[in-house]
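Undergrad: Please read through the structure below; I'll follow up with questions.
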Amino acid sequence: MPDNRIPVAKVCRFVNAAMERLGLPAEDALTVAQLMTEAEVQGSDGHGVIRLVPYARRIRAGGVNVRPHIRIVKEKPAMALLDGDNGMGHLVMQKATQIAIAKARQCGVAWVGARSSNHAGPASLYARMALEHDLIGMYFAVGNANHLPPWGGLDMLLSTNPIAVAVPAGDEPPVVLDMATTVAAYGKVKAKAQRGESMPEGWMIDRQGQPLTDPRRAEEGFLLPIGGYKGYGLALVIGMLAGTLNQAAMGSEVIDFNHDDTTPTNTGQAILVIDPDAFGEVDAFKARVDKLVREMRASERLPGVERIWLPGEQSHEKRIVNERDGLALPPTLRAQLDALARELAIPPLADI
């Protein structure tokens with residue numbers, strides 16, 4: 001294993017130990033640790049272990065309920081609404097997804113919304129859970145801080161409000177789209193700042209409309225939506241479906257968890273699961289997905305383009321490397337994790 005990489009199992013043990021010391025029951029601590037580590041494995045470093053220190057800060061400040069009673073508050077055959085009781089978002093959304101999978105098996109399609117939740121990591125974690133059952137998963141969420149104004153405005157009333165879609169394939173890797181409705185997710189801005197890197201032009205602008213490339217100055221500006229006004233529209237409607245519909249925070253109600261460690265965020269999320277078997281034979285559907293994937297990959301390329309990628313393929317390749325070689329955590333993050341270990345009186349990452 002390369003010297004700068006850490007075995008996946010060791011990272012998971014460290015996060016698990018931290019979560020247990022922070023007061024989560026053993027089973028819940030393990031669930032959160034596994035999902036946070038999985039985020040790193042698939043290359044979603046802006047939503048993985050980098051979040052452990054701010055999670056710990058919020059938990060210790062009382063902003064998160066470490067022993068929530070996550071329950072269904074409204075239900076019909078093909079839908080449910082969960083109240084997360086201000087628990088860790090990973091726990092809320094894992095339960096929501098499990099319910100949606102079971103209901104989709106019965107009804108062909110199921111939608112489960114959640115309120116009183118918290119940040120839950122990358123969107124694709126939950127869309128991908130459906131793949132293990134040959135189902136299609138779609139995830140929607142309201143972000144945990146507003147970094148986007150209405151198109152043409154300056155007031156921060158919208159978040160990155162992500163969407164993820166996971167479609168099973170046969171011999172090919174699944175097609176997994178995971179995207180913010182902004183050009184870049186704010187987690188990528190945080191990751192750039194931690195690595196001491198600049199942002200590309202086009203991610204953010206300042207309040208005078210000028211490009212902003214220093215991630216340390218991110219609070220002086222705002223993210224740009226994908227596709228101009230179309231991205232703004234997507235952010236708005238996804239927020240309505242994941243937040244407003246669930247009686248969760250949206251617009252000016254959103255709590256910025258980067259600066260407020262004590263107020264419950266009332267984060268809204270939703271998972272939609274579709275059973276291809278309701279539309280035809282599953283293996284035939286997966287074979288058609290394979291055919292379409294190969295057509296896209298083999299299509300004629302522009303000069304200088306070496307390969308056409310399908311959504312999720314680069315993440316799939318990162319997963320192979322990370323599982324084999326371990327996780328490459330930046331030195332700044334390693335130092336923060338070591339400091340957290342001292343605060344919590346648990347073994348450091350290198351020794352656990």
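Naming works like this for the structure tokens: A, B, ... for the chains as they're shown, residue 1 at the start of each chain, ligands 1 onward in shown order.
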Can you list, as a PyMOL selection string, all residues belonging to stretch 62-224 of chain A that DSSP tags as strand (DSSP E or B)?
TA: chain A and resi 71-76+79-83+109-117+136-141+148+158+163-167+175-179+182+204-206+211-212+221-223
Undergrad: Would you kindly return, as a PyMOL selection string, each protein, DNA or RNA residue with an atom no farther than 9 Å from any atom of A:Ala100, considering only C-alpha atoms and excluding same-chain residues fewer than 6 positions away?
TA: chain A and resi 78-80+109-112+130+271-274
Undergrad: I'd like to know which of A:Pro225, A:Val92, A:Gly137, A:Ala104 is closest to A:Gly152, using only C-alpha atoms.
TA: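 Closest to A:Gly152, using only C-alpha atoms: A:Pro225.
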Undergrad: What gap, in Å, lies between atom CA of A:Gly87 and atom CA of A:Arg71?
TA: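 Separating atom CA of A:Gly87 from atom CA of A:Arg71 is a distance of 11.1 Å.
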Undergrad: From stretch 63-122 of chain A, collect each residue whose DSSP state is helix (DSSP H, G or I) and return the set as a PyMOL selection string.
TA: chain A and resi 89-107
Undergrad: Since we have the selection now, will you write its residues out, keeping all heavy atoms, as a short mmCIF file (atom, residue, chain, number, x, y, z; two decimals), in the first residue's frame?
TA:
```
data_model
loop_
_atom_site.label_atom_id
_atom_site.label_comp_id
_atom_site.auth_asym_id
_atom_site.auth_seq_id
_atom_site.Cartn_x
_atom_site.Cartn_y
_atom_site.Cartn_z
N GLY A 89 -28.09 12.62 9.66
CA GLY A 89 -28.79 12.41 8.40
C GLY A 89 -28.53 11.04 7.79
O GLY A 89 -29.39 10.49 7.11
N HIS A 90 -27.35 10.48 8.03
CA HIS A 90 -27.04 9.15 7.49
C HIS A 90 -28.02 8.11 8.02
O HIS A 90 -28.45 7.22 7.27
CB HIS A 90 -25.61 8.76 7.90
CG HIS A 90 -24.56 9.74 7.48
ND1 HIS A 90 -24.40 10.95 8.12
CD2 HIS A 90 -23.62 9.69 6.50
CE1 HIS A 90 -23.39 11.61 7.55
NE2 HIS A 90 -22.91 10.86 6.57
N LEU A 91 -28.37 8.22 9.30
CA LEU A 91 -29.31 7.27 9.89
C LEU A 91 -30.72 7.46 9.35
O LEU A 91 -31.43 6.50 9.05
CB LEU A 91 -29.31 7.43 11.42
CG LEU A 91 -27.96 7.27 12.12
CD1 LEU A 91 -28.10 7.59 13.60
CD2 LEU A 91 -27.41 5.86 11.91
N VAL A 92 -31.11 8.72 9.22
CA VAL A 92 -32.45 9.03 8.71
C VAL A 92 -32.61 8.54 7.28
O VAL A 92 -33.59 7.86 6.94
CB VAL A 92 -32.72 10.55 8.79
CG1 VAL A 92 -34.11 10.87 8.25
CG2 VAL A 92 -32.58 11.05 10.22
N MET A 93 -31.61 8.84 6.44
CA MET A 93 -31.76 8.49 5.03
C MET A 93 -31.54 7.01 4.75
O MET A 93 -32.10 6.47 3.81
CB MET A 93 -30.82 9.34 4.17
CG MET A 93 -31.35 10.75 3.95
SD MET A 93 -33.11 10.81 3.47
CE MET A 93 -33.11 9.83 1.97
N GLN A 94 -30.76 6.34 5.58
CA GLN A 94 -30.67 4.89 5.41
C GLN A 94 -32.03 4.25 5.67
O GLN A 94 -32.48 3.39 4.90
CB GLN A 94 -29.62 4.29 6.34
CG GLN A 94 -29.45 2.77 6.10
CD GLN A 94 -28.65 2.10 7.18
OE1 GLN A 94 -29.04 2.11 8.35
NE2 GLN A 94 -27.54 1.51 6.81
N LYS A 95 -32.70 4.70 6.75
CA LYS A 95 -34.01 4.14 7.05
C LYS A 95 -35.02 4.51 5.97
O LYS A 95 -35.83 3.67 5.55
CB LYS A 95 -34.49 4.64 8.42
CG LYS A 95 -35.83 4.04 8.84
CD LYS A 95 -36.12 4.26 10.32
CE LYS A 95 -37.41 3.55 10.74
NZ LYS A 95 -37.64 3.64 12.19
N ALA A 96 -34.98 5.76 5.51
CA ALA A 96 -35.90 6.19 4.45
C ALA A 96 -35.72 5.34 3.20
O ALA A 96 -36.70 4.93 2.56
CB ALA A 96 -35.68 7.66 4.14
N THR A 97 -34.48 5.07 2.85
CA THR A 97 -34.20 4.28 1.65
C THR A 97 -34.65 2.84 1.81
O THR A 97 -35.21 2.23 0.88
CB THR A 97 -32.71 4.35 1.31
OG1 THR A 97 -32.31 5.72 1.19
CG2 THR A 97 -32.41 3.65 0.00
N GLN A 98 -34.43 2.27 2.97
CA GLN A 98 -34.88 0.90 3.22
C GLN A 98 -36.40 0.80 3.09
O GLN A 98 -36.92 -0.16 2.51
CB GLN A 98 -34.43 0.45 4.61
CG GLN A 98 -32.93 0.24 4.73
CD GLN A 98 -32.47 0.03 6.17
OE1 GLN A 98 -33.20 0.34 7.12
NE2 GLN A 98 -31.27 -0.50 6.34
N ILE A 99 -37.11 1.79 3.61
CA ILE A 99 -38.57 1.80 3.51
C ILE A 99 -39.00 1.93 2.05
O ILE A 99 -39.90 1.23 1.57
CB ILE A 99 -39.17 2.94 4.35
CG1 ILE A 99 -38.95 2.67 5.85
CG2 ILE A 99 -40.66 3.11 4.07
CD1 ILE A 99 -39.25 3.86 6.73
N ALA A 100 -38.33 2.83 1.31
CA ALA A 100 -38.68 3.04 -0.10
C ALA A 100 -38.43 1.79 -0.93
O ALA A 100 -39.23 1.46 -1.82
CB ALA A 100 -37.88 4.22 -0.66
N ILE A 101 -37.36 1.08 -0.64
CA ILE A 101 -37.06 -0.15 -1.37
C ILE A 101 -38.15 -1.19 -1.14
O ILE A 101 -38.66 -1.83 -2.07
CB ILE A 101 -35.68 -0.68 -0.97
CG1 ILE A 101 -34.57 0.20 -1.57
CG2 ILE A 101 -35.50 -2.14 -1.40
CD1 ILE A 101 -33.19 -0.09 -1.02
N ALA A 102 -38.55 -1.37 0.13
CA ALA A 102 -39.58 -2.35 0.44
C ALA A 102 -40.91 -1.97 -0.21
O ALA A 102 -41.62 -2.84 -0.75
CB ALA A 102 -39.74 -2.45 1.96
N LYS A 103 -41.26 -0.70 -0.19
CA LYS A 103 -42.52 -0.26 -0.79
C LYS A 103 -42.49 -0.38 -2.31
O LYS A 103 -43.49 -0.74 -2.94
CB LYS A 103 -42.83 1.18 -0.37
CG LYS A 103 -43.32 1.32 1.07
CD LYS A 103 -43.60 2.77 1.42
CE LYS A 103 -44.27 2.90 2.79
NZ LYS A 103 -45.66 2.38 2.79
N ALA A 104 -41.36 -0.08 -2.93
CA ALA A 104 -41.26 -0.19 -4.38
C ALA A 104 -41.40 -1.63 -4.83
O ALA A 104 -41.94 -1.90 -5.90
CB ALA A 104 -39.93 0.39 -4.85
N ARG A 105 -40.91 -2.55 -4.03
CA ARG A 105 -41.09 -3.96 -4.35
C ARG A 105 -42.57 -4.33 -4.41
O ARG A 105 -42.98 -5.18 -5.21
CB ARG A 105 -40.39 -4.82 -3.29
CG ARG A 105 -38.89 -4.91 -3.45
CD ARG A 105 -38.54 -5.69 -4.68
NE ARG A 105 -37.12 -6.03 -4.75
CZ ARG A 105 -36.48 -6.22 -5.88
NH1 ARG A 105 -37.10 -6.05 -7.03
NH2 ARG A 105 -35.22 -6.56 -5.88
N GLN A 106 -43.37 -3.70 -3.56
CA GLN A 106 -44.80 -4.00 -3.52
C GLN A 106 -45.59 -3.19 -4.55
O GLN A 106 -46.51 -3.72 -5.18
CB GLN A 106 -45.33 -3.69 -2.11
CG GLN A 106 -44.79 -4.60 -1.03
CD GLN A 106 -45.22 -6.04 -1.22
OE1 GLN A 106 -46.38 -6.32 -1.54
NE2 GLN A 106 -44.30 -6.97 -1.03
N CYS A 107 -45.23 -1.93 -4.74
CA CYS A 107 -46.06 -1.01 -5.54
C CYS A 107 -45.45 -0.66 -6.89
O CYS A 107 -46.13 -0.02 -7.70
CB CYS A 107 -46.30 0.28 -4.75
SG CYS A 107 -47.14 0.02 -3.17
#
```
Undergrad: Write out as a count of residues only which residues come within 8 Å of stretch 264-269 of chain A when counting only C-alpha atoms, dropping same-chain ones fewer than 5 positions away.
TA: 28
Undergrad: Which residues are near A:Gln208? Cut-off 10 Å, only C-alpha atoms, ignore same chain within fewer than 6 positions. Put them as a count of residues only.
TA: 3
Undergrad: Near stretch 23-36 of chain A, within 6 Å and counting only C-alpha atoms, which residues show up once chain neighbours fewer than 3 positions away are dropped, as a PyMOL selection string?
TA: chain A and resi 12+15-16+19-20+39+48+66+90
Undergrad: Could you write those residues out with all heavy atoms, as a short mmCIF file (atom, residue, chain, number, x, y, z; two decimals), in the first residue's frame?
TA:
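Output below, filename result_1.cif:
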```
data_model
loop_
_atom_site.label_atom_id
_atom_site.label_comp_id
_atom_site.auth_asym_id
_atom_site.auth_seq_id
_atom_site.Cartn_x
_atom_site.Cartn_y
_atom_site.Cartn_z
N CYS A 12 -12.55 3.60 8.65
CA CYS A 12 -13.87 3.30 9.18
C CYS A 12 -13.82 3.07 10.69
O CYS A 12 -14.70 3.56 11.42
CB CYS A 12 -14.44 2.07 8.47
SG CYS A 12 -16.18 1.73 8.86
N VAL A 15 -13.54 6.55 12.45
CA VAL A 15 -14.80 7.29 12.48
C VAL A 15 -15.78 6.63 13.44
O VAL A 15 -16.49 7.31 14.20
CB VAL A 15 -15.40 7.40 11.06
CG1 VAL A 15 -16.74 8.15 11.10
CG2 VAL A 15 -14.45 8.10 10.11
N ASN A 16 -15.81 5.31 13.43
CA ASN A 16 -16.69 4.57 14.34
C ASN A 16 -16.36 4.89 15.79
O ASN A 16 -17.25 5.17 16.62
CB ASN A 16 -16.55 3.07 14.07
CG ASN A 16 -17.53 2.23 14.86
OD1 ASN A 16 -18.56 2.71 15.32
ND2 ASN A 16 -17.21 0.95 15.03
N MET A 19 -17.51 8.42 16.66
CA MET A 19 -18.96 8.53 16.80
C MET A 19 -19.46 7.88 18.09
O MET A 19 -20.35 8.41 18.76
CB MET A 19 -19.65 7.89 15.59
CG MET A 19 -19.59 8.75 14.34
SD MET A 19 -20.52 10.28 14.55
CE MET A 19 -19.89 11.25 13.18
N GLU A 20 -18.87 6.76 18.47
CA GLU A 20 -19.25 6.14 19.75
C GLU A 20 -18.88 7.04 20.92
O GLU A 20 -19.67 7.22 21.86
CB GLU A 20 -18.57 4.78 19.89
CG GLU A 20 -19.24 3.67 19.11
CD GLU A 20 -18.92 2.30 19.68
OE1 GLU A 20 -19.08 2.11 20.91
OE2 GLU A 20 -18.51 1.42 18.89
N ALA A 39 -18.34 7.19 1.31
CA ALA A 39 -18.24 8.44 0.55
C ALA A 39 -16.81 8.67 0.09
O ALA A 39 -16.57 9.07 -1.07
CB ALA A 39 -18.73 9.61 1.40
N GLY A 48 -17.14 13.31 2.76
CA GLY A 48 -16.75 12.13 3.51
C GLY A 48 -16.15 12.48 4.86
O GLY A 48 -16.75 13.17 5.68
N VAL A 66 -28.15 12.53 19.38
CA VAL A 66 -27.37 11.30 19.15
C VAL A 66 -28.18 10.03 19.39
O VAL A 66 -27.74 8.94 19.02
CB VAL A 66 -26.09 11.28 20.02
CG1 VAL A 66 -25.14 12.39 19.61
CG2 VAL A 66 -26.44 11.37 21.50
N HIS A 90 -27.35 10.48 8.03
CA HIS A 90 -27.04 9.15 7.49
C HIS A 90 -28.02 8.11 8.02
O HIS A 90 -28.45 7.22 7.27
CB HIS A 90 -25.61 8.76 7.90
CG HIS A 90 -24.56 9.74 7.48
ND1 HIS A 90 -24.40 10.95 8.12
CD2 HIS A 90 -23.62 9.69 6.50
CE1 HIS A 90 -23.39 11.61 7.55
NE2 HIS A 90 -22.91 10.86 6.57
#
```
Undergrad: In terms of the shortest atom-to-atom distance over only C-alpha atoms, which of A:Val175, A:Met204, A:Val8, A:Ala17 is closest to A:Glu40?
TA: A:Val8
Undergrad: My list of candidates is A:Gly121, A:Gly304, A:Gly251, A:Gly153. Which is closest to A:Arg207 when distances are computed with only C-alpha atoms?
TA: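 For A:Arg207, the nearest of the candidates is A:Gly153.
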Undergrad: Would you compute the distance between atom CA of A:Thr262 and atom CA of A:Leu22? Give it in Å to one decimal.
TA: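 These two atoms are separated by 15.3 Å.
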Undergrad: Could you give me, as a ChimeraX atom specification, the residues within 9 Å of A:Arg307, counting only C-alpha atoms and dropping anything in the same chain fewer than 3 positions from it?
TA: /A:297-298,301
